[in-house]
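All remarks here apply to the structure that follows.
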Amino acid sequence: MSTFTTISSDKLARLIGTANAPALIDVRTEEDFAADRRLIPGSIKLSHDKVQDWGGDFAGRRAIVSCLRGEKLAQGTAAWLRQFGAQAETLEGGFEGWKAAKLPLLDTRKLPPRDAKGRTVWVTRARPKVDRIACPWLIHRFVDPNAVFLYVAPSEVVAVGERFGAAPFDIENVFWSHRGELCTFDVMIEEFGIATPALLRLATLVRGADTARPDLAPEAPGLLAASLGLSRMYDDDLEQLEAGMLLYDAFYRWCRDATAETHNWPTNKVKA
């Protein structure tokens with residue numbers, strides 16, 4: 001049973017991917033992590049024995065800490081975080097409990113190298129429309145909450161990636177790109193191993209909007225219209241990305257929680 005300092009896997013799973021998700025911190029030992037290098041989606045890997053150095057970064061924030069089984073390392077780290085003013089809880093059963101519940105796990109082997117601050121860095125074409133907003137949303141919400149995105153001229157994407165240690169995406173002839181009928185958003189979900197019914201439903205909308213296939217889902221034209229509207233509203237690509245985060249937060253919650261809900265204006269009854 002959860003207490004005020006613990007959270008169950010099923011409750012945490014409902015928070016991951018949402019705009020108000022807590023910070024997720026994995027403090028497994030290097031030996032335990034080497035045995036299974038996957039992460040709970042959205043997690044960052046930090047060392048429990050250095051919590052006094054990094055704990056202050058989470059002051060005033062909600063954080064969930066997991067270790068292998070939710071015991072001493074997670075409990076001690078969470079206690080230290082509360083000393084720093086964080087609202088810190090531990091995950092019941094830890095990483096092993098999450099895995100036993102057959103919940104998604106992020107394949108970190110597919111992650112690009114991190115920069116000196118521990119962030120993944122990505123680069124793509126400027127003036128984004130659909131995939132180049134959807135993919136950053138997916139990465140921020142499920143892969144690396146601290147990821148950095150660079151938007152550059154199309155002809156310079158690969159060269160910038162090489163010079164600045166950034167992973168190119170949504171451009172031809174790179175790993176993170178369209179494959180057959182799949183768009184880059186589809187590919188990222190598949191490669192990272194984070195598929196859920198809600199994300200797969202959202203991927204269908206993204207694919208329909210991004211590849212001129214409105215027949216894939218009736219909502220795809222609406223996503224395309226909203227995406228094109230945002231591209232006209234913002235000259236700054238990063239400002240557009242920030243606004244697009246809210247758009248995809250809304251579509252994700254619809255895909256997860258509201259697909260069966262309708263809104264019908266009452267029919268006026270005309271008296272004879």
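Residue numbering restarts at 1 for every chain of the structure tokens, chains are lettered A, B, ... in their displayed order, and ligands are numbered from 1 as they appear.
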
If you count only C-alpha atoms, which residues fall within 8 Å of Trp80 of chain A, apart from same-chain ones fewer than 2 positions away, as a VMD selection string? chain A and resid 51 to 52 55 76 to 78 82 to 84

Show which residues sit within 9 Å of segment 253-258 of chain A, as JSON, numbers by chain. Count only C-alpha atoms, and ignore same-chain residues fewer than 5 positions away. {"A": [18, 197, 198, 199, 200, 201, 202, 248]}

Leaving out segment 208-215 of chain A and any residue of its chain fewer than 3 positions from it, which residues lie within 6 Å of it when counting only C-alpha atoms, given as number ranges by chain? A: 130, 205, 220-221, 224

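The two atoms in question, atom CA of Met188 of chain A and atom CA of Trp137 of chain A, are spaced 11.4 Å apart.
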
Return as JSON, numbers by chain the full set of residues in segment 63-261 of chain A whose backbone-based DSSP assignment is alpha helix (DSSP H). {"A": [72, 73, 74, 75, 76, 77, 78, 79, 80, 81, 82, 83, 94, 95, 96, 97, 98, 99, 100, 131, 132, 133, 134, 135, 136, 137, 138, 157, 158, 159, 160, 161, 162, 163, 164, 184, 185, 186, 187, 188, 189, 190, 191, 192, 197, 198, 199, 200, 201, 202, 203, 204, 205, 206, 207, 208, 209, 210, 220, 221, 222, 223, 224, 225, 226, 227, 228, 229, 230, 231, 232, 233, 237, 238, 239, 240, 241, 242, 243, 244, 245, 246, 247, 248, 249, 250, 251, 252, 253]}

Tell me, counting only C-alpha atoms, for each residue of segment 192-252 of chain A within 10 Å of segment 140-151 of chain A, which pair of atoms is nearest and how far apart they are in Å to one decimal, in rows ordered by chain and increasing number, as JSON lines.
```
{"residue": "A:Phe192", "atom": "CA", "partner": "A:Val143", "partner_atom": "CA", "distance": 8.1}
{"residue": "A:Ile194", "atom": "CA", "partner": "A:Phe142", "partner_atom": "CA", "distance": 7.9}
{"residue": "A:Asp236", "atom": "CA", "partner": "A:Tyr151", "partner_atom": "CA", "distance": 9.8}
{"residue": "A:Asp237", "atom": "CA", "partner": "A:Tyr151", "partner_atom": "CA", "distance": 7.0}
{"residue": "A:Leu238", "atom": "CA", "partner": "A:Tyr151", "partner_atom": "CA", "distance": 8.1}
{"residue": "A:Leu241", "atom": "CA", "partner": "A:Phe149", "partner_atom": "CA", "distance": 9.4}
{"residue": "A:Met245", "atom": "CA", "partner": "A:His140", "partner_atom": "CA", "distance": 9.1}
{"residue": "A:Asp249", "atom": "CA", "partner": "A:Arg141", "partner_atom": "CA", "distance": 9.2}
```

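In this model, the gap between atom CA of Gly118 of chain A and atom CA of Pro168 of chain A comes to 17.9 Å.
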
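If you look at atom CA of Phe33 of chain A and atom CA of Gly165 of chain A, they are 24.4 Å away from each other.
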
Find, counting only C-alpha atoms, the residue in A:Asn173, A:Thr29, A:Thr108, A:Thr90 that gets nearest to Gly42 of chain A. A:Thr108

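If you measure from each of A:Ala21, A:Asp170, A:Val206, A:Ile7 to Gly222 of chain A using only C-alpha atoms, the closest one turns out to be A:Val206.
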
Taking the chain letters and numbering used in this document, name the residues of segment 3-92 of chain A that DSSP puts in strand (DSSP E), as a ChimeraX atom specification. /A:6-7,23-26,38-39,43-45,62-66,87-91

Taking only C-alpha atoms into account, name the residue in A:Ala86, A:Ala74, A:Val121, A:Leu91 that is nearest to Glu162 of chain A. A:Val121

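If you measure from each of A:Ala250, A:Ile171, A:Ala88, A:Ala116 to Pro128 of chain A using only C-alpha atoms, the closest one turns out to be A:Ile171.
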
A:Glu30, A:Glu190, A:Glu239, A:Glu89 ranked by distance to Val65 of chain A, top pick (using only C-alpha atoms): A:Glu89

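Nearest to Phe169 of chain A of all the residues A:Ala260, A:Val152, A:Ala225, A:Leu46 is A:Val152, counting only C-alpha atoms.
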